[in-house]
Each structure stands twice: as C-alpha cells, then as structure tokens.
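Below is one structure, written out as structure tokens, with a few remarks after it.
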Amino acid sequence: MAAAKKHVLVLGAGISGLQTSLSLLQRGHGVTIIASHTPGDFSPSYTSPWAGGHWRSHAGTSPSDSTLRSYDSRTYKAWTQMLNTAYATRDAKGRAEVEEEMGIGFRAARYYWGKDIAETEGRDGRGIWFRDVVAGFDVLDLDDMSKSGREKVPESAIMGIRYQGICFDPPKYLDYLFKKVQELGVKVIKTSVDTASGLSGVVRSVKVMLGKNGLDEAFAMVNCTGLAARHFLENDEAKSLFPIRGQTILVKGEAEMTRTLVGIPDAPESEMLYVVPRPGSGTTILGGCKQVGNWSEEADMELNERVIARMKRFGLCDELRGQGGDFEVLSYQVGFRPGRAGGPRVEVEGKGKIDDIWVVHNYGHSGAGYQNSIGCAEEVLRLLEPLSIN
C-alpha cells in the first residue's frame with residue numbers, strides 16, 4: 001500500500017531543517033517549520049550561517065562509518081546533479097549568476113596532510129574512501145609540483161589530493177533553500193518552543209502552536225534542532241551533545257580553489273588551515289579550528305593572528321594578498337558545530353508516538369551538516385514512509 005501524504009512538522013530552520021523540509025515538500029507532504037531563527041538571522045545559537053563551507057567527508061573507511069559515507073556520498077551526487085542541471089544552458093556569465101543566486105558552485109579542491117594518519121595510508125589514496133565518489137580525484141605528485149613550480153605546495157606536506165570540490169556561501173545557500181520551501185508552500189512559525197518539560201512537553205507545545213495558527217494536526221515531528229536538543233532530551237542523550245567551536249576570518253576576494261592543510265607542524269591538533277571561496281560572494285573564508293567543548297563566543301585574536309601567519313607561511317591563498325602582502329579582513333566569526341558522541345542521530349524516537357505524533361530525530365552532525373544534508377533528509381523520508389501507510 002502506498003504511503004499517504006501527511007502534514008509533517010519540522011523543528012528547526014538550519015541546514016538540516018531546511019533540507020528536510022524541502023525533501024518532504026518535493027515528495028508531496030505538507031510541511032510546517034517551527035524555529036526561533038530563520039535565514040537572515042545571525043546568532044551564536046543558530047549554527048548554520050557560520051559554516052565555511054565546502055564538501056569534504058570526515059567519514060573513515062571502517063564499517064562503522066558506512067552510514068556516514070552514504071549520507072555524504074548521496075549529498076555530493078545530488079549537489080553535482082543540481083549544479084550540472086543549473087549550468088547546462090548557461091555560458092560562463094550565466095553560471096556565475098547561478099552561483100550568486102544559489103550560493104553554491106563547483107571549485108577545484110586541494111587537500112594536504114602534514115602528518116601521517118589513517119587517510120594517508122600508503123600515500124596513494126587507498127585511505128580516502130570518497131576517491132571513487134568525487135570527480136577528478138587524483139593523488140598529487142608533490143615533488144614534481146615543487147620542482148616545476150606550477151603550483152605552490154605547503155612546505156610541510158607529506159601527501160596531497162585534488163578533486164572537484166563543491167563550495168557554498170552558507171547564508172546565501174540557506175536563503176536559497178528557504179525561498180525554495182516557501183515556493184512549495186511551507187508554513188513557517190517563528191517562535192521559541194518551551195523545552196522545560198522534555199520531549200513530550202515540546203510535542204504538546206507545538207501541537208498548541210499549530211492549533212493557534214489554524215493548521216492541521218501533524219502526523220510527525222522531525223527534530224532538527226542541533227545542539228538545542230540538549231535542552232529537552234533525556235539526560236544521557238543530552239550529555240552526548242557538545243559544541244565543537246570554530247573560528248574563521250572572512251576576507252575580500254574569492255580564492256582560486258578551496259585548499260586545506262591538516263597536521264600542521266608545531267600546531268595543536270585542534271588547529272588547521274582551510275581556504276574556502278564563497279561562490280558568487282566575492283569573499284573567502286580562512287580558518288580555523290575545532291575546539292571540542294569550548295562555548296566561548298568571543299573571537300580569539302591570537303588564533304586569528306596564527307591563522308593569518310600560517311596562511312602567509314604556507315602560501316595557501318597568496319592570490320588574495322594585496323600589494324603589502326596582507327589580506328583585506330572583512331570580519332571574524334565564531335560558530336559551534338553540533339557535536340554528538342556516536343555521530344549523527346537520524347532515527348525514529350524509540351518510545352513510539354508521543355501524544356499521537358511520531359518523532360524522528362535528525363541532529364548531531366558535527367561539522368558535516370551541509371555535506372550530509374540531502375543524504376540525511378532522504379533517510380528521514382525513508383523512516384517516515386512505513387509510518388504513514390494508511
């Protein structure tokens with residue numbers, strides 16, 4: 001029997017909430033979003049606008065990471081198809097207009113390691129699970145590149161790869177998704193939800209909100225609240241959620257490609273270098289760090305100085321440096337990736353219906369919320385399908 005089209009409530013309007021809403025709407029479901037923040041807002045508690053961002057899977061090759069690999073792979077393929085379709089009838093100027101409108105586009109990617117880890121096994125690409133997923137994958141011949149001078153190689157790099165990357169301007173891409181769901185008829189209630197009485201209290205609260213707004217009762221609620229979920233989930237689950245603080249520098253100009261260097265000599269493991277052009281924006285993000293458990297909202301100016309100094313030392317984006325050798329800094333950002341012990345939670349709430357509403361969770365994506373957004377949204381659809389059978 002075919003699944004009936006239902007009214008689904010999505011809690012949260014970050015990347016997970018918006019992509020989940022879009023996937024549901026495209027499948028024919030009715031969707032209402034309830035969120036305290038929506039695209040255009042900038043708040044430390046609204047994570048998604050502060051991302052870099054570009055597609056780069058953090059999953060490993062172990063069997064335990066198979067689900068993560070599927071989420072990331074599906075998103076890369078869907079984005080590739082979306083961009084190829086958008087580019088298909090456009091010339092170079094038209095493609096630039098597409099990127100400016102959507103906030104996403106293809107960019108060449110370089111990724112370098114300064115120390116050996118599992119991914120550098122054999123230094124031949126065997127440790128990179130996505131080598132057969134991304135377009136244009138190749139292991140770089142660093143010695144040849146250095147001798148020929150055709151492309152600068154970070155002095156400490158022991159291995160590097162290239163592939164067709166996908167970069168995005170998070171505020172612009174969020175705005176694009178928000179417009180898409182509005183065109184498809186989403187209802188939006190911008191408000192905070194009472195979390196004092198746990199998950200069951202949240203469900204009761206949103207049911208009241210739907211009634212007050214003259215909307216039909218929801219068949220299911222999808223929890224896309226990121227770190228905010230810790231305020232209403234049971235204690236053990238709430239304790240599994242933690243911030244991974246990021247800090248970035250927005251500079252003028254779009255870098256030629258996205259470049260990353262990890263395993264920097266004499267630097268803590270929590271610090272790395274990345275250059276992420278934001279398509280169509282005329283700007284680039286420089287970073288950064290991954291500071292587990294750090295809730296500080298203030299920019300660490302000493303860290304900013306280290307990032308800038310390392311960018312100059314390793315030459316990751318010399319094309320953006322002015323005549324005096326400096327970058328034109330536009331702003332500094334701090335954001336909190338929504339970490340979760342055990343990885344993202346994309347599953348049906350184990351207690352069954354709550355107040356006659358199914359609850360599906362989609363949170364805890366750490367720094368991978370964008371790059372696995374479509375894969376996770378499609379998993380939510382798969383989970384809802386048997387629940388919606390008449």
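Here, A, B, ... name the chains of the structure tokens in the order displayed, residue numbers run from 1 inside each chain, and ligands are numbered from 1 in the same displayed order.
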
Using only C-alpha atoms, find each residue of segment 329-387 of chain A with at least one atom at most 8 Å away from an atom of segment 20-41 of chain A; report its shortest atom-to-atom pair and that distance in Å (one decimal), sort the rows by chain and rising residue number, and return the result as JSON lines.
{"residue": "A:Ser373", "atom": "CA", "partner": "A:Thr20", "partner_atom": "CA", "distance": 7.8}
{"residue": "A:Ile374", "atom": "CA", "partner": "A:Thr20", "partner_atom": "CA", "distance": 7.6}
{"residue": "A:Cys376", "atom": "CA", "partner": "A:Thr20", "partner_atom": "CA", "distance": 7.8}
{"residue": "A:Ala377", "atom": "CA", "partner": "A:Thr20", "partner_atom": "CA", "distance": 4.6}
{"residue": "A:Glu378", "atom": "CA", "partner": "A:Ser23", "partner_atom": "CA", "distance": 6.9}
{"residue": "A:Val380", "atom": "CA", "partner": "A:Thr20", "partner_atom": "CA", "distance": 7.4}
{"residue": "A:Leu381", "atom": "CA", "partner": "A:Leu24", "partner_atom": "CA", "distance": 6.9}

Requested in this report: Can you pull out every residue within 12 Å of Arg95 of chain A, counting only C-alpha atoms, but drop anything in the same chain fewer than 3 positions away, and send it as a list in words?
Outcome: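 Close residues of Arg95 of chain A: Leu83, Asn84, Thr85, Ala86, Tyr87, Ala88, Thr89, Arg90, Asp91, Ala92, Val98, Glu99, Glu100, Glu101, Met102, Gly103, Ile104, Gly105, Phe106, Pro279 and Gly280 of chain A.
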
Skip Pro344 of chain A itself and residues of its chain fewer than 2 positions away, then list as a PDB file with N, CA and C atoms, in the first residue's frame all residues within 12 Å of it, counting only C-alpha atoms.
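Writing done, so here's out-v5.pdb:
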ATOM      1  N   SER A  16      19.860  21.372   8.283  1.00  0.00           N
ATOM      2  CA  SER A  16      19.149  20.089   8.383  1.00  0.00           C
ATOM      3  C   SER A  16      17.642  20.294   8.288  1.00  0.00           C
ATOM      4  N   ALA A  59      34.170  11.071   7.183  1.00  0.00           N
ATOM      5  CA  ALA A  59      33.990   9.643   7.474  1.00  0.00           C
ATOM      6  C   ALA A  59      35.265   8.878   7.119  1.00  0.00           C
ATOM      7  N   ASP A  65      31.535   3.408   9.839  1.00  0.00           N
ATOM      8  CA  ASP A  65      31.255   4.700   9.205  1.00  0.00           C
ATOM      9  C   ASP A  65      30.457   4.561   7.912  1.00  0.00           C
ATOM     10  N   THR A  67      27.289   4.316   7.270  1.00  0.00           N
ATOM     11  CA  THR A  67      26.115   5.181   7.166  1.00  0.00           C
ATOM     12  C   THR A  67      26.534   6.616   6.864  1.00  0.00           C
ATOM     13  N   LEU A  68      27.570   7.089   7.542  1.00  0.00           N
ATOM     14  CA  LEU A  68      28.070   8.438   7.268  1.00  0.00           C
ATOM     15  C   LEU A  68      28.526   8.560   5.818  1.00  0.00           C
ATOM     16  N   TYR A  71      25.504   9.028   3.581  1.00  0.00           N
ATOM     17  CA  TYR A  71      24.938  10.380   3.648  1.00  0.00           C
ATOM     18  C   TYR A  71      25.769  11.356   2.820  1.00  0.00           C
ATOM     19  N   CYS A 224      15.157  18.776  14.195  1.00  0.00           N
ATOM     20  CA  CYS A 224      16.389  19.250  13.538  1.00  0.00           C
ATOM     21  C   CYS A 224      16.966  20.419  14.314  1.00  0.00           C
ATOM     22  N   GLY A 226      19.721  20.549  16.370  1.00  0.00           N
ATOM     23  CA  GLY A 226      21.150  20.627  16.657  1.00  0.00           C
ATOM     24  C   GLY A 226      21.450  20.581  18.142  1.00  0.00           C
ATOM     25  N   LEU A 227      22.336  21.471  18.584  1.00  0.00           N
ATOM     26  CA  LEU A 227      22.734  21.483  19.990  1.00  0.00           C
ATOM     27  C   LEU A 227      21.582  21.838  20.920  1.00  0.00           C
ATOM     28  N   GLU A 237      21.146  11.266  26.695  1.00  0.00           N
ATOM     29  CA  GLU A 237      21.267  11.762  25.334  1.00  0.00           C
ATOM     30  C   GLU A 237      21.742  13.216  25.336  1.00  0.00           C
ATOM     31  N   SER A 240      25.356  13.606  25.563  1.00  0.00           N
ATOM     32  CA  SER A 240      26.135  13.190  24.390  1.00  0.00           C
ATOM     33  C   SER A 240      26.372  14.344  23.414  1.00  0.00           C
ATOM     34  N   LEU A 241      25.703  15.482  23.638  1.00  0.00           N
ATOM     35  CA  LEU A 241      25.802  16.623  22.728  1.00  0.00           C
ATOM     36  C   LEU A 241      26.810  17.638  23.260  1.00  0.00           C
ATOM     37  N   ARG A 337      29.837  23.964  15.980  1.00  0.00           N
ATOM     38  CA  ARG A 337      29.387  22.754  15.290  1.00  0.00           C
ATOM     39  C   ARG A 337      28.667  21.865  16.301  1.00  0.00           C
ATOM     40  N   PRO A 338      27.544  21.260  15.913  1.00  0.00           N
ATOM     41  CA  PRO A 338      26.756  20.458  16.862  1.00  0.00           C
ATOM     42  C   PRO A 338      27.281  19.023  16.983  1.00  0.00           C
ATOM     43  N   GLY A 339      28.235  18.834  17.878  1.00  0.00           N
ATOM     44  CA  GLY A 339      28.831  17.504  18.062  1.00  0.00           C
ATOM     45  C   GLY A 339      27.927  16.556  18.827  1.00  0.00           C
ATOM     46  N   ARG A 340      28.101  15.276  18.556  1.00  0.00           N
ATOM     47  CA  ARG A 340      27.359  14.243  19.285  1.00  0.00           C
ATOM     48  C   ARG A 340      28.212  12.990  19.384  1.00  0.00           C
ATOM     49  N   ALA A 341      28.368  12.457  20.593  1.00  0.00           N
ATOM     50  CA  ALA A 341      29.090  11.203  20.777  1.00  0.00           C
ATOM     51  C   ALA A 341      28.357  10.103  20.027  1.00  0.00           C
ATOM     52  N   GLY A 342      29.076   9.390  19.154  1.00  0.00           N
ATOM     53  CA  GLY A 342      28.451   8.335  18.366  1.00  0.00           C
ATOM     54  C   GLY A 342      28.001   8.788  16.995  1.00  0.00           C
ATOM     55  N   VAL A 346      19.883   9.956  13.332  1.00  0.00           N
ATOM     56  CA  VAL A 346      18.812  10.028  12.345  1.00  0.00           C
ATOM     57  C   VAL A 346      17.993   8.750  12.528  1.00  0.00           C
ATOM     58  N   GLU A 347      16.953   8.844  13.318  1.00  0.00           N
ATOM     59  CA  GLU A 347      16.170   7.662  13.672  1.00  0.00           C
ATOM     60  C   GLU A 347      14.828   8.068  14.254  1.00  0.00           C
ATOM     61  N   HIS A 361      14.297  11.967  14.671  1.00  0.00           N
ATOM     62  CA  HIS A 361      15.412  12.841  15.006  1.00  0.00           C
ATOM     63  C   HIS A 361      16.372  12.977  13.823  1.00  0.00           C
ATOM     64  N   ASN A 362      16.919  14.181  13.667  1.00  0.00           N
ATOM     65  CA  ASN A 362      17.913  14.447  12.623  1.00  0.00           C
ATOM     66  C   ASN A 362      18.821  15.562  13.130  1.00  0.00           C
ATOM     67  N   TYR A 363      19.771  15.190  13.991  1.00  0.00           N
ATOM     68  CA  TYR A 363      20.656  16.188  14.597  1.00  0.00           C
ATOM     69  C   TYR A 363      21.991  15.526  14.963  1.00  0.00           C
ATOM     70  N   GLY A 364      22.922  16.355  15.439  1.00  0.00           N
ATOM     71  CA  GLY A 364      24.212  15.829  15.897  1.00  0.00           C
ATOM     72  C   GLY A 364      25.203  15.608  14.778  1.00  0.00           C
ATOM     73  N   HIS A 365      25.218  16.500  13.770  1.00  0.00           N
ATOM     74  CA  HIS A 365      26.021  16.274  12.568  1.00  0.00           C
ATOM     75  C   HIS A 365      27.441  16.832  12.654  1.00  0.00           C
ATOM     76  N   SER A 366      27.815  17.392  13.799  1.00  0.00           N
ATOM     77  CA  SER A 366      29.144  17.983  13.968  1.00  0.00           C
ATOM     78  C   SER A 366      29.412  18.984  12.847  1.00  0.00           C
ATOM     79  N   GLY A 367      30.556  18.838  12.148  1.00  0.00           N
ATOM     80  CA  GLY A 367      30.872  19.765  11.077  1.00  0.00           C
ATOM     81  C   GLY A 367      30.413  19.307   9.715  1.00  0.00           C
ATOM     82  N   ALA A 368      29.502  18.330   9.680  1.00  0.00           N
ATOM     83  CA  ALA A 368      29.096  17.727   8.402  1.00  0.00           C
ATOM     84  C   ALA A 368      27.644  18.006   8.040  1.00  0.00           C
ATOM     85  N   GLY A 369      27.041  18.997   8.668  1.00  0.00           N
ATOM     86  CA  GLY A 369      25.622  19.242   8.444  1.00  0.00           C
ATOM     87  C   GLY A 369      25.262  19.535   7.003  1.00  0.00           C
ATOM     88  N   ASN A 372      26.214  16.327   4.442  1.00  0.00           N
ATOM     89  CA  ASN A 372      25.362  15.130   4.508  1.00  0.00           C
ATOM     90  C   ASN A 372      23.880  15.491   4.552  1.00  0.00           C
ATOM     91  N   SER A 373      23.568  16.761   4.234  1.00  0.00           N
ATOM     92  CA  SER A 373      22.199  17.258   4.428  1.00  0.00           C
ATOM     93  C   SER A 373      21.162  16.508   3.591  1.00  0.00           C
ATOM     94  N   GLY A 375      21.527  13.500   2.085  1.00  0.00           N
ATOM     95  CA  GLY A 375      21.505  12.095   2.481  1.00  0.00           C
ATOM     96  C   GLY A 375      20.694  11.866   3.744  1.00  0.00           C
ATOM     97  N   CYS A 376      20.854  12.743   4.729  1.00  0.00           N
ATOM     98  CA  CYS A 376      20.099  12.607   5.979  1.00  0.00           C
ATOM     99  C   CYS A 376      18.621  12.902   5.773  1.00  0.00           C
ATOM    100  N   GLU A 379      17.024   9.957   4.352  1.00  0.00           N
ATOM    101  CA  GLU A 379      16.852   8.919   5.363  1.00  0.00           C
ATOM    102  C   GLU A 379      15.620   9.212   6.219  1.00  0.00           C
TER     103      GLU A 379
END

Query raised in the report: Do you know which residues are at most 8 Å from segment 122-127 of chain A counting only C-alpha atoms, after dropping those on the same chain fewer than 4 positions away, and could you put them as a list of chain:residue names?
Result: A:Gly60, A:Thr61, A:Ala118, A:Arg131, A:Asp138, A:Val139, A:Met159, A:Ile161

Requested in this report: Between A:Arg278, A:Arg310, A:Arg382, A:Arg204, single out the one closest to Thr258 of chain A, counting only C-alpha atoms.
Outcome: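 Looking at the shortest contact to Thr258 of chain A, the residue is A:Arg278.
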
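Atom CA of Val188 of chain A lies 28.4 Å from atom CA of Gln81 of chain A.
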
Query raised in the report: Quick one: residues within 8 Å of Pro277 of chain A, only C-alpha atoms counted, chain neighbours fewer than 4 positions away excluded, as a list in words?
Result: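 Once the nearby chain positions are removed, what remains is Cys167, Phe168, Glu254, Ala255, Glu256, Met257, Thr258, Thr283, Thr284 and Ile285 of chain A.
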
Export all heavy atoms of the chosen residues as a PDB file, in the first residue's frame?
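Result saved to selection22.pdb:
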ATOM      1  N   CYS A 167      31.777  24.164  -3.165  1.00  0.00           N
ATOM      2  CA  CYS A 167      31.828  25.179  -2.119  1.00  0.00           C
ATOM      3  C   CYS A 167      30.496  25.914  -2.058  1.00  0.00           C
ATOM      4  O   CYS A 167      29.754  25.960  -3.042  1.00  0.00           O
ATOM      5  CB  CYS A 167      32.952  26.183  -2.394  1.00  0.00           C
ATOM      6  SG  CYS A 167      34.616  25.470  -2.312  1.00  0.00           S
ATOM      7  N   PHE A 168      30.215  26.501  -0.913  1.00  0.00           N
ATOM      8  CA  PHE A 168      28.960  27.224  -0.770  1.00  0.00           C
ATOM      9  C   PHE A 168      29.144  28.404   0.180  1.00  0.00           C
ATOM     10  O   PHE A 168      30.055  28.429   1.014  1.00  0.00           O
ATOM     11  CB  PHE A 168      27.837  26.306  -0.279  1.00  0.00           C
ATOM     12  CG  PHE A 168      28.227  25.387   0.839  1.00  0.00           C
ATOM     13  CD1 PHE A 168      28.109  25.788   2.153  1.00  0.00           C
ATOM     14  CD2 PHE A 168      28.719  24.114   0.572  1.00  0.00           C
ATOM     15  CE1 PHE A 168      28.482  24.942   3.190  1.00  0.00           C
ATOM     16  CE2 PHE A 168      29.101  23.262   1.604  1.00  0.00           C
ATOM     17  CZ  PHE A 168      28.977  23.676   2.911  1.00  0.00           C
ATOM     18  N   GLU A 254      37.595  36.153  -3.960  1.00  0.00           N
ATOM     19  CA  GLU A 254      37.333  34.712  -3.992  1.00  0.00           C
ATOM     20  C   GLU A 254      38.598  33.966  -4.397  1.00  0.00           C
ATOM     21  O   GLU A 254      39.159  34.217  -5.464  1.00  0.00           O
ATOM     22  CB  GLU A 254      36.205  34.391  -4.983  1.00  0.00           C
ATOM     23  CG  GLU A 254      34.837  34.788  -4.473  1.00  0.00           C
ATOM     24  CD  GLU A 254      33.710  34.257  -5.341  1.00  0.00           C
ATOM     25  OE1 GLU A 254      33.824  33.107  -5.832  1.00  0.00           O
ATOM     26  OE2 GLU A 254      32.726  34.989  -5.544  1.00  0.00           O
ATOM     27  N   ALA A 255      39.048  33.078  -3.530  1.00  0.00           N
ATOM     28  CA  ALA A 255      40.234  32.274  -3.827  1.00  0.00           C
ATOM     29  C   ALA A 255      40.002  31.421  -5.068  1.00  0.00           C
ATOM     30  O   ALA A 255      38.864  31.086  -5.411  1.00  0.00           O
ATOM     31  CB  ALA A 255      40.585  31.394  -2.639  1.00  0.00           C
ATOM     32  N   GLU A 256      41.091  31.045  -5.734  1.00  0.00           N
ATOM     33  CA  GLU A 256      41.002  30.255  -6.967  1.00  0.00           C
ATOM     34  C   GLU A 256      40.410  28.876  -6.729  1.00  0.00           C
ATOM     35  O   GLU A 256      39.779  28.294  -7.605  1.00  0.00           O
ATOM     36  CB  GLU A 256      42.391  30.108  -7.577  1.00  0.00           C
ATOM     37  CG  GLU A 256      43.033  31.416  -7.990  1.00  0.00           C
ATOM     38  CD  GLU A 256      44.498  31.260  -8.343  1.00  0.00           C
ATOM     39  OE1 GLU A 256      45.044  30.147  -8.090  1.00  0.00           O
ATOM     40  OE2 GLU A 256      45.102  32.213  -8.862  1.00  0.00           O
ATOM     41  N   MET A 257      40.647  28.343  -5.538  1.00  0.00           N
ATOM     42  CA  MET A 257      40.174  26.999  -5.206  1.00  0.00           C
ATOM     43  C   MET A 257      40.083  26.869  -3.701  1.00  0.00           C
ATOM     44  O   MET A 257      40.541  27.745  -2.963  1.00  0.00           O
ATOM     45  CB  MET A 257      41.113  25.933  -5.771  1.00  0.00           C
ATOM     46  CG  MET A 257      42.532  25.999  -5.229  1.00  0.00           C
ATOM     47  SD  MET A 257      43.635  24.769  -5.993  1.00  0.00           S
ATOM     48  CE  MET A 257      43.844  25.464  -7.631  1.00  0.00           C
ATOM     49  N   THR A 258      39.493  25.783  -3.211  1.00  0.00           N
ATOM     50  CA  THR A 258      39.494  25.509  -1.782  1.00  0.00           C
ATOM     51  C   THR A 258      40.731  24.675  -1.449  1.00  0.00           C
ATOM     52  O   THR A 258      41.050  23.711  -2.157  1.00  0.00           O
ATOM     53  CB  THR A 258      38.203  24.790  -1.340  1.00  0.00           C
ATOM     54  OG1 THR A 258      38.280  24.490   0.062  1.00  0.00           O
ATOM     55  CG2 THR A 258      37.952  23.507  -2.106  1.00  0.00           C
ATOM     56  N   THR A 283      33.996  36.849  -1.691  1.00  0.00           N
ATOM     57  CA  THR A 283      34.685  36.695  -0.407  1.00  0.00           C
ATOM     58  C   THR A 283      35.180  35.262  -0.223  1.00  0.00           C
ATOM     59  O   THR A 283      34.762  34.351  -0.936  1.00  0.00           O
ATOM     60  CB  THR A 283      33.760  37.047   0.778  1.00  0.00           C
ATOM     61  OG1 THR A 283      32.646  36.127   0.796  1.00  0.00           O
ATOM     62  CG2 THR A 283      33.250  38.469   0.677  1.00  0.00           C
ATOM     63  N   THR A 284      36.062  35.088   0.764  1.00  0.00           N
ATOM     64  CA  THR A 284      36.634  33.781   1.084  1.00  0.00           C
ATOM     65  C   THR A 284      36.743  33.641   2.595  1.00  0.00           C
ATOM     66  O   THR A 284      37.027  34.614   3.294  1.00  0.00           O
ATOM     67  CB  THR A 284      38.038  33.631   0.452  1.00  0.00           C
ATOM     68  OG1 THR A 284      37.912  33.646  -0.973  1.00  0.00           O
ATOM     69  CG2 THR A 284      38.722  32.334   0.877  1.00  0.00           C
ATOM     70  N   ILE A 285      36.515  32.444   3.063  1.00  0.00           N
ATOM     71  CA  ILE A 285      36.666  32.127   4.483  1.00  0.00           C
ATOM     72  C   ILE A 285      38.049  31.514   4.718  1.00  0.00           C
ATOM     73  O   ILE A 285      38.470  30.597   4.001  1.00  0.00           O
ATOM     74  CB  ILE A 285      35.582  31.141   4.947  1.00  0.00           C
ATOM     75  CG1 ILE A 285      34.245  31.850   5.150  1.00  0.00           C
ATOM     76  CG2 ILE A 285      35.989  30.432   6.245  1.00  0.00           C
ATOM     77  CD1 ILE A 285      34.184  32.766   6.366  1.00  0.00           C
TER      78      ILE A 285
END

Query raised in the report: Could you write out, as a ChimeraX atom specification, all the residues of segment 80-218 of chain A that DSSP marks as strand (DSSP E or B)?
Result: /A:104-113,138-139,159-168,187-190

Selection to disk with C-alpha atoms, as an mmCIF file, in the first residue's frame:
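The resulting file, selection_31.cif, is reproduced below:
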data_model
loop_
_atom_site.group_PDB
_atom_site.id
_atom_site.type_symbol
_atom_site.label_atom_id
_atom_site.label_comp_id
_atom_site.auth_asym_id
_atom_site.auth_seq_id
_atom_site.Cartn_x
_atom_site.Cartn_y
_atom_site.Cartn_z
ATOM 1 C CA ILE A 104 26.868 27.113 -4.258
ATOM 2 C CA GLY A 105 29.213 26.046 -7.056
ATOM 3 C CA PHE A 106 31.993 23.741 -8.209
ATOM 4 C CA ARG A 107 35.538 24.686 -7.207
ATOM 5 C CA ALA A 108 38.811 22.837 -7.562
ATOM 6 C CA ALA A 109 39.911 21.339 -4.247
ATOM 7 C CA ARG A 110 43.344 20.630 -2.783
ATOM 8 C CA TYR A 111 43.797 18.800 0.500
ATOM 9 C CA TYR A 112 47.211 18.364 2.166
ATOM 10 C CA TRP A 113 48.428 16.388 5.166
ATOM 11 C CA ASP A 138 43.974 12.225 -8.007
ATOM 12 C CA VAL A 139 46.890 11.939 -5.624
ATOM 13 C CA MET A 159 50.645 13.952 0.849
ATOM 14 C CA GLY A 160 48.036 15.820 -1.111
ATOM 15 C CA ILE A 161 44.969 15.123 -3.234
ATOM 16 C CA ARG A 162 42.845 17.031 -5.707
ATOM 17 C CA TYR A 163 39.244 16.612 -6.766
ATOM 18 C CA GLN A 164 36.248 18.581 -7.942
ATOM 19 C CA GLY A 165 35.046 20.275 -4.812
ATOM 20 C CA ILE A 166 31.729 21.932 -4.075
ATOM 21 C CA CYS A 167 31.828 25.179 -2.119
ATOM 22 C CA PHE A 168 28.960 27.224 -0.770
ATOM 23 C CA LYS A 187 4.193 27.253 6.613
ATOM 24 C CA VAL A 188 6.618 28.992 8.987
ATOM 25 C CA ILE A 189 6.002 29.781 12.656
ATOM 26 C CA LYS A 190 8.904 31.800 14.004
#
